[in-house]
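Novice: Contents of input-v8.cif (mmCIF, C-alpha atoms):
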data_target
#
loop_
_atom_site.label_atom_id
_atom_site.label_comp_id
_atom_site.auth_asym_id
_atom_site.auth_seq_id
_atom_site.Cartn_x
_atom_site.Cartn_y
_atom_site.Cartn_z
CA HIS A 1 -57.00 20.78 27.01
CA GLN A 2 -53.45 21.47 27.97
CA SER A 3 -51.25 21.91 24.91
CA HIS A 4 -47.91 21.93 26.69
CA HIS A 5 -46.72 18.70 28.23
CA SER A 6 -43.59 17.66 30.05
CA ILE A 7 -40.99 16.46 27.60
CA HIS A 8 -39.35 13.18 28.51
CA SER A 9 -36.19 12.56 26.51
CA GLN A 10 -34.15 9.68 27.87
CA ALA A 11 -32.55 8.10 24.84
CA SER A 12 -31.93 11.15 22.67
CA TYR A 13 -29.63 13.36 24.69
CA GLN A 14 -27.57 12.30 27.71
CA SER A 15 -26.55 14.74 30.43
CA GLN A 16 -25.45 15.15 33.96
CA ALA A 17 -28.38 17.25 35.07
CA SER A 18 -32.06 17.55 34.15
CA TYR A 19 -33.41 20.94 33.21
CA GLN A 20 -36.86 21.54 34.67
CA SER A 21 -39.32 24.07 33.29
CA GLN A 22 -43.01 24.78 33.02
CA GLN A 23 -43.29 23.38 29.52
CA SER A 24 -40.29 21.24 28.77
CA GLN A 25 -38.10 18.72 30.50
CA ALA A 26 -35.15 17.58 28.42
CA SER A 27 -32.02 15.73 29.36
CA TYR A 28 -28.86 17.48 28.25
CA ASN A 29 -25.61 18.63 29.75
CA SER A 30 -26.34 21.46 32.17
CA TYR A 31 -26.99 24.78 30.52
CA ASN A 32 -27.93 28.32 31.49
CA PRO A 33 -31.32 29.74 30.46
CA GLN A 34 -30.05 33.28 30.97
CA LEU A 35 -28.49 33.20 27.49
CA THR A 36 -25.14 34.61 28.60
CA SER A 37 -22.18 32.83 27.17
CA PRO A 38 -18.62 32.65 25.96
CA GLN A 39 -17.46 33.72 22.55
CA MET A 40 -18.70 31.38 19.84
CA ASN A 41 -16.84 33.05 16.97
CA SER A 42 -13.77 31.38 15.55
CA ASN A 43 -10.70 33.45 14.81
CA ASN A 44 -10.29 31.43 11.65
CA ASN A 45 -10.20 33.77 8.63
CA ALA A 46 -12.25 31.22 6.70
CA ASN A 47 -15.40 32.68 8.25
CA ALA A 48 -15.63 35.31 5.47
CA ASN A 49 -18.36 34.57 2.94
CA ILE A 50 -18.89 31.17 4.55
CA ASP A 51 -22.58 31.00 3.67
CA THR A 52 -21.91 30.72 -0.06
CA GLN A 53 -18.77 28.65 0.37
CA PHE A 54 -20.51 25.98 2.40
CA HIS A 55 -23.22 25.36 -0.19
CA ARG A 56 -20.88 25.40 -3.21
CA SER A 57 -20.18 21.97 -4.66
CA VAL A 58 -16.56 20.96 -4.77
CA SER A 59 -15.15 21.61 -8.21
CA ASN A 60 -11.89 20.86 -9.92
CA ASN A 61 -10.71 24.34 -9.09
CA SER A 62 -8.16 24.03 -6.28
CA SER A 63 -9.05 27.40 -4.73
CA ASN A 64 -12.68 26.35 -4.37
CA HIS A 65 -11.57 23.09 -2.81
CA CYS A 66 -9.47 24.97 -0.26
CA SER A 67 -12.38 27.28 0.53
CA ASN A 68 -14.67 24.33 1.18
CA ASP A 69 -12.07 22.67 3.38
CA ALA A 70 -11.65 25.90 5.34
CA ALA A 71 -15.41 26.25 5.75
CA ALA A 72 -15.70 22.69 7.05
CA ALA A 73 -12.83 23.30 9.47
CA ALA A 74 -14.47 26.49 10.75
CA ALA A 75 -17.74 24.63 11.25
CA ASP A 76 -15.96 21.93 13.25
CA VAL A 77 -14.38 24.56 15.50
CA ILE A 78 -17.72 26.22 16.21
CA PHE A 79 -19.40 22.85 16.78
CA ARG A 80 -16.81 22.06 19.47
CA GLN A 81 -17.39 25.49 21.02
CA MET A 82 -21.12 24.76 21.15
CA GLN A 83 -20.41 21.50 22.97
CA GLU A 84 -18.13 23.25 25.44
CA ALA A 85 -20.67 26.02 26.08
CA GLU A 86 -23.36 23.42 26.73
CA SER A 87 -21.15 21.50 29.16
CA SER A 88 -20.04 24.61 31.03
CA GLY A 89 -23.54 26.01 31.39
CA ASN A 90 -22.59 29.22 29.57
CA LEU A 91 -24.81 29.02 26.53
CA ASP A 92 -25.71 31.93 24.27
CA VAL A 93 -28.62 30.76 22.15
CA GLU A 94 -28.25 33.69 19.77
CA LYS A 95 -24.73 32.46 18.94
CA VAL A 96 -26.17 28.98 18.40
CA LEU A 97 -28.68 30.38 15.89
CA GLN A 98 -25.90 32.28 14.14
CA ALA A 99 -23.89 29.08 13.83
CA MET A 100 -26.88 27.20 12.41
CA ARG A 101 -27.45 29.98 9.89
CA ARG A 102 -23.80 30.04 8.88
CA PHE A 103 -23.22 26.30 8.51
CA PRO A 104 -26.47 24.72 7.27
CA ALA A 105 -24.76 21.65 5.77
CA HIS A 106 -22.88 20.62 8.92
CA ALA A 107 -25.16 17.83 10.12
CA LEU A 108 -23.84 17.43 13.67
CA LEU A 109 -23.82 21.18 14.25
CA GLN A 110 -27.42 21.40 13.08
CA GLU A 111 -28.41 18.48 15.30
CA LYS A 112 -26.75 20.08 18.32
CA GLY A 113 -28.29 23.44 17.47
CA CYS A 114 -31.80 21.96 17.33
CA ALA A 115 -31.24 20.27 20.70
CA LEU A 116 -29.97 23.48 22.31
CA VAL A 117 -32.84 25.54 20.95
CA TRP A 118 -35.32 22.95 22.23
CA ALA A 119 -33.69 23.14 25.65
CA GLN A 120 -34.25 26.90 25.75
CA THR A 121 -37.96 26.86 24.93
CA ASN A 122 -38.98 26.78 28.57
CA ASN A 123 -41.42 29.70 28.77
CA PRO A 124 -43.54 31.86 26.46
CA GLU A 125 -41.35 34.96 26.75
CA ILE A 126 -38.24 33.08 25.67
CA CYS A 127 -40.18 31.39 22.87
CA HIS A 128 -41.31 34.76 21.56
CA ALA A 129 -37.75 36.10 21.76
CA LEU A 130 -36.42 33.06 19.91
CA GLY A 131 -39.02 33.67 17.22
CA ASN A 132 -37.72 37.19 16.76
CA LEU A 133 -34.20 35.78 16.43
CA GLY A 134 -35.26 33.51 13.57
CA ALA A 135 -35.41 30.18 15.41
CA VAL A 136 -38.47 28.86 13.57
CA PRO A 137 -37.15 29.03 9.99
CA LEU A 138 -33.77 27.73 11.15
CA LEU A 139 -35.32 24.66 12.77
CA ILE A 140 -37.45 24.07 9.68
CA LYS A 141 -34.41 24.35 7.42
CA ALA A 142 -32.36 21.99 9.57
CA MET A 143 -35.13 19.40 9.49
CA ARG A 144 -35.60 19.80 5.75
CA ASP A 145 -31.87 19.60 4.96
CA HIS A 146 -31.22 16.55 7.17
CA PRO A 147 -34.36 14.43 6.94
CA ARG A 148 -32.81 11.09 7.95
CA MET A 149 -31.28 12.24 11.24
CA ALA A 150 -33.76 11.00 13.83
CA LEU A 151 -32.29 12.90 16.80
CA LEU A 152 -32.27 16.15 14.85
CA GLN A 153 -35.84 15.59 13.68
CA ARG A 154 -37.13 14.96 17.16
CA ALA A 155 -35.30 17.91 18.69
CA GLY A 156 -36.47 20.21 15.92
CA CYS A 157 -40.01 18.96 16.27
CA GLU A 158 -40.06 19.46 20.04
CA GLY A 159 -38.54 22.90 19.67
CA LEU A 160 -41.22 23.89 17.16
CA ARG A 161 -43.93 22.49 19.43
CA ASN A 162 -42.86 24.73 22.29
CA LEU A 163 -42.23 27.74 20.05
CA CYS A 164 -45.81 27.50 18.78
CA VAL A 165 -47.01 28.87 22.10
CA SER A 166 -46.47 32.18 20.31
CA SER A 167 -48.92 33.19 17.57
CA LEU A 168 -46.02 34.84 15.71
CA ASN A 169 -44.12 31.56 15.65
CA ARG A 170 -47.18 29.66 14.44
CA GLN A 171 -47.48 32.04 11.51
CA LEU A 172 -43.78 31.71 10.74
CA LEU A 173 -44.14 27.94 10.76
CA LEU A 174 -47.14 28.05 8.41
CA GLN A 175 -45.42 30.50 6.07
CA GLY A 176 -42.27 28.38 6.00
CA GLY A 177 -44.05 25.20 4.96
CA GLY A 178 -43.56 23.67 8.38
CA VAL A 179 -46.77 21.67 8.44
CA SER A 180 -46.05 19.72 5.27
CA LEU A 181 -42.50 19.17 6.53
CA LEU A 182 -43.81 17.71 9.80
CA VAL A 183 -46.13 15.37 7.92
CA LYS A 184 -43.23 14.16 5.77
CA MET A 185 -41.10 13.72 8.90
CA MET A 186 -43.72 11.45 10.46
CA GLN A 187 -43.93 9.44 7.23
CA CYS A 188 -40.14 9.14 7.03
CA HIS A 189 -39.69 8.00 10.64
CA MET A 190 -42.55 5.57 11.16
CA ASN A 191 -40.26 3.24 13.11
CA HIS A 192 -39.56 5.88 15.77
CA PRO A 193 -42.43 6.10 18.28
CA GLU A 194 -40.90 9.16 19.96
CA ILE A 195 -40.95 11.03 16.65
CA GLN A 196 -44.55 9.96 16.06
CA LYS A 197 -45.45 11.30 19.50
CA SER A 198 -43.57 14.56 18.90
CA GLY A 199 -45.20 14.99 15.50
CA CYS A 200 -48.66 14.56 16.99
CA GLU A 201 -47.88 17.06 19.73
CA VAL A 202 -46.55 19.77 17.44
CA LEU A 203 -49.57 19.41 15.13
CA ALA A 204 -51.79 19.81 18.20
CA SER A 205 -49.82 22.90 19.20
CA ILE A 206 -50.30 24.38 15.73
CA ALA A 207 -54.03 23.63 15.89
CA ASP A 208 -54.26 25.80 19.01
CA GLY A 209 -53.88 28.79 16.70
CA GLY A 210 -57.48 28.65 15.52
CA MET A 211 -59.41 27.62 12.45
CA GLU A 212 -56.81 28.82 9.94
CA CYS A 213 -54.20 26.63 11.58
CA LYS A 214 -56.52 23.63 11.85
CA ILE A 215 -57.33 23.89 8.14
CA ALA A 216 -53.64 24.17 7.26
CA VAL A 217 -52.86 21.00 9.20
CA ALA A 218 -55.76 19.10 7.64
CA GLU A 219 -54.94 20.23 4.09
CA CYS A 220 -51.34 19.05 4.44
CA GLY A 221 -52.40 15.59 5.58
CA GLY A 222 -51.86 16.14 9.28
CA ILE A 223 -55.00 14.29 10.40
CA LEU A 224 -54.08 11.26 8.31
CA SER A 225 -50.56 11.30 9.76
CA VAL A 226 -51.91 11.35 13.31
CA MET A 227 -54.28 8.48 12.53
CA LYS A 228 -51.37 6.57 11.02
CA ALA A 229 -49.45 6.99 14.28
CA VAL A 230 -52.39 5.38 16.10
CA GLU A 231 -52.37 2.52 13.59
CA LEU A 232 -48.62 2.02 13.96
CA TYR A 233 -48.55 2.06 17.78
CA PRO A 234 -51.90 0.83 19.11
CA ASP A 235 -50.29 -0.36 22.36
CA ASN A 236 -48.10 2.68 23.03
CA ASP A 237 -49.95 4.83 25.56
CA VAL A 238 -47.64 7.80 25.08
CA VAL A 239 -48.19 7.92 21.33
CA LEU A 240 -51.94 7.31 21.71
CA ARG A 241 -52.38 10.15 24.20
CA ALA A 242 -50.53 12.56 21.92
CA ALA A 243 -52.46 11.39 18.87
CA TYR A 244 -55.91 11.62 20.43
CA GLN A 245 -55.15 15.05 21.84
CA ALA A 246 -54.11 16.20 18.37
CA LEU A 247 -57.25 14.76 16.80
CA ARG A 248 -59.48 16.49 19.35
CA LYS A 249 -57.78 19.83 18.80
CA LEU A 250 -58.14 19.38 15.06
CA GLY A 251 -61.87 18.85 15.52
CA TYR A 252 -61.83 15.16 14.70
CA ASN A 253 -63.36 12.77 17.21
CA PRO A 254 -62.56 9.18 16.25
CA GLY A 255 -64.94 7.87 18.92
CA ALA A 256 -67.94 9.85 17.81
CA LYS A 257 -70.85 7.98 16.28
CA SER A 258 -72.10 9.26 12.98
CA LYS A 259 -75.77 10.10 12.89
#
Can you give me the file's structure in the form of structure tokens?
Specialist:
Amino acid sequence: HQSHHSIHSQASYQSQASYQSQQSQASYNSYNPQLTSPQMNSNNNANANIDTQFHRSVSNNSSNHCSNDAAAAAADVIFRQMQEAESSGNLDVEKVLQAMRRFPAHALLQEKGCALVWAQTNNPEICHALGNLGAVPLLIKAMRDHPRMALLQRAGCEGLRNLCVSSLNRQLLLQGGGVSLLVKMMQCHMNHPEIQKSGCEVLASIADGGMECKIAVAECGGILSVMKAVELYPDNDVVLRAAYQALRKLGYNPGAKSK
């Protein structure tokens, strides 16, 4: 079975050009797979110690309030720079990952980051390089921190699906609790057929890693989630194809007759 399919995203991300690759086809503003790009760093002095500032709850202390405001302003600046880099075709995915790491609570930045990472997962070499840069745990964290954002969830899921072409990335996903997160995502977004399809496909991609991966998916409720997708969308051919492929790769044949 082929574990890497063409990705058709029509409603999630609009663009002026379609990026074609061996394993993914996503619609975004034109971007450059060569990973060369403009500066993504803001000159704003608020960047110092931003990781702790961004997670700190706003208190009555005025200095803390100012720090949080400065952190939010810095995140907005970098988010706009990410948009500009995407539009100009000068995207540096390493800078995108740095921005996601620095501003985990900025929902739109995380959503854009997941989309841009997905768009870069066009071949195994790039997927392996992204794994070394920490893409897998960052996508997992974004999905965990922003569970209700459907576009973010789908982009993160598709990115993880493609990244799992690498055995290293599969292990990172398993170690980071990615399977249970994917199952929860499918449960949370039952009214989104595209997310159900993406969930089935990423579970199938994980199952390609061998028996350890198949067991991990089954133990986290992955088979039940795939079967639920079939129940929810019995007339959706796209969801059904993804679901049945996942079930076959997980060693479950719903059409088999018991002896």
Novice: Work out how far atom CA of Met100 of chain A is from atom CA of Ser88 of chain A, in Å to one decimal.
Specialist: 20.0 Å
Novice: May I ask for the distance between atom CA of Arg241 of chain A and atom CA of Val226 of chain A, given in Å to one decimal place?
Specialist: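 These two atoms are separated by 11.0 Å.
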Novice: Can you spell out as a count of residues only the set of residues that the PyMOL selection byres ((chain A and resi 245) around 10) selects in the structure I just provided?
Specialist: 23
Novice: One decimal, in Å: what's the spacing between atom CA of Leu160 of chain A and atom CA of Ala207 of chain A?
Specialist: 12.9 Å
Novice: Measuring between only C-alpha atoms, which one of A:Lys141, A:Ala150, A:Ala72, A:Ile215 shows the shortest distance to Asn191 of chain A?
Specialist: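 Between A:Lys141, A:Ala150, A:Ala72, A:Ile215, the residue approaching Asn191 of chain A most closely is A:Ala150.
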Novice: I'd like to see the residues matched by the PyMOL selection byres ((chain A and resi 181) around 10) on this file, and ideally I'd get them as JSON, numbers by chain.
Specialist: {"A": [140, 141, 143, 144, 147, 173, 176, 177, 178, 179, 180, 182, 183, 184, 185, 186, 187, 220]}
Novice: Name the residues captured by the PyMOL selection byres ((chain A and resi 192) around 12) when it is applied to the shown file; answer as a PDB file with C-alpha atoms, in the frame of the given file.
Specialist:
ATOM      1  CA  ALA A  11     -32.550   8.100  24.840  1.00  0.00           C
ATOM      2  CA  SER A  12     -31.930  11.150  22.670  1.00  0.00           C
ATOM      3  CA  ARG A 148     -32.810  11.090   7.950  1.00  0.00           C
ATOM      4  CA  MET A 149     -31.280  12.240  11.240  1.00  0.00           C
ATOM      5  CA  ALA A 150     -33.760  11.000  13.830  1.00  0.00           C
ATOM      6  CA  LEU A 151     -32.290  12.900  16.800  1.00  0.00           C
ATOM      7  CA  GLN A 153     -35.840  15.590  13.680  1.00  0.00           C
ATOM      8  CA  ARG A 154     -37.130  14.960  17.160  1.00  0.00           C
ATOM      9  CA  MET A 185     -41.100  13.720   8.900  1.00  0.00           C
ATOM     10  CA  MET A 186     -43.720  11.450  10.460  1.00  0.00           C
ATOM     11  CA  GLN A 187     -43.930   9.440   7.230  1.00  0.00           C
ATOM     12  CA  CYS A 188     -40.140   9.140   7.030  1.00  0.00           C
ATOM     13  CA  HIS A 189     -39.690   8.000  10.640  1.00  0.00           C
ATOM     14  CA  MET A 190     -42.550   5.570  11.160  1.00  0.00           C
ATOM     15  CA  ASN A 191     -40.260   3.240  13.110  1.00  0.00           C
ATOM     16  CA  PRO A 193     -42.430   6.100  18.280  1.00  0.00           C
ATOM     17  CA  GLU A 194     -40.900   9.160  19.960  1.00  0.00           C
ATOM     18  CA  ILE A 195     -40.950  11.030  16.650  1.00  0.00           C
ATOM     19  CA  GLN A 196     -44.550   9.960  16.060  1.00  0.00           C
ATOM     20  CA  LYS A 197     -45.450  11.300  19.500  1.00  0.00           C
ATOM     21  CA  SER A 198     -43.570  14.560  18.900  1.00  0.00           C
ATOM     22  CA  GLY A 199     -45.200  14.990  15.500  1.00  0.00           C
ATOM     23  CA  ALA A 229     -49.450   6.990  14.280  1.00  0.00           C
ATOM     24  CA  LEU A 232     -48.620   2.020  13.960  1.00  0.00           C
ATOM     25  CA  TYR A 233     -48.550   2.060  17.780  1.00  0.00           C
ATOM     26  CA  ASN A 236     -48.100   2.680  23.030  1.00  0.00           C
ATOM     27  CA  VAL A 239     -48.190   7.920  21.330  1.00  0.00           C
TER      28      VAL A 239
END
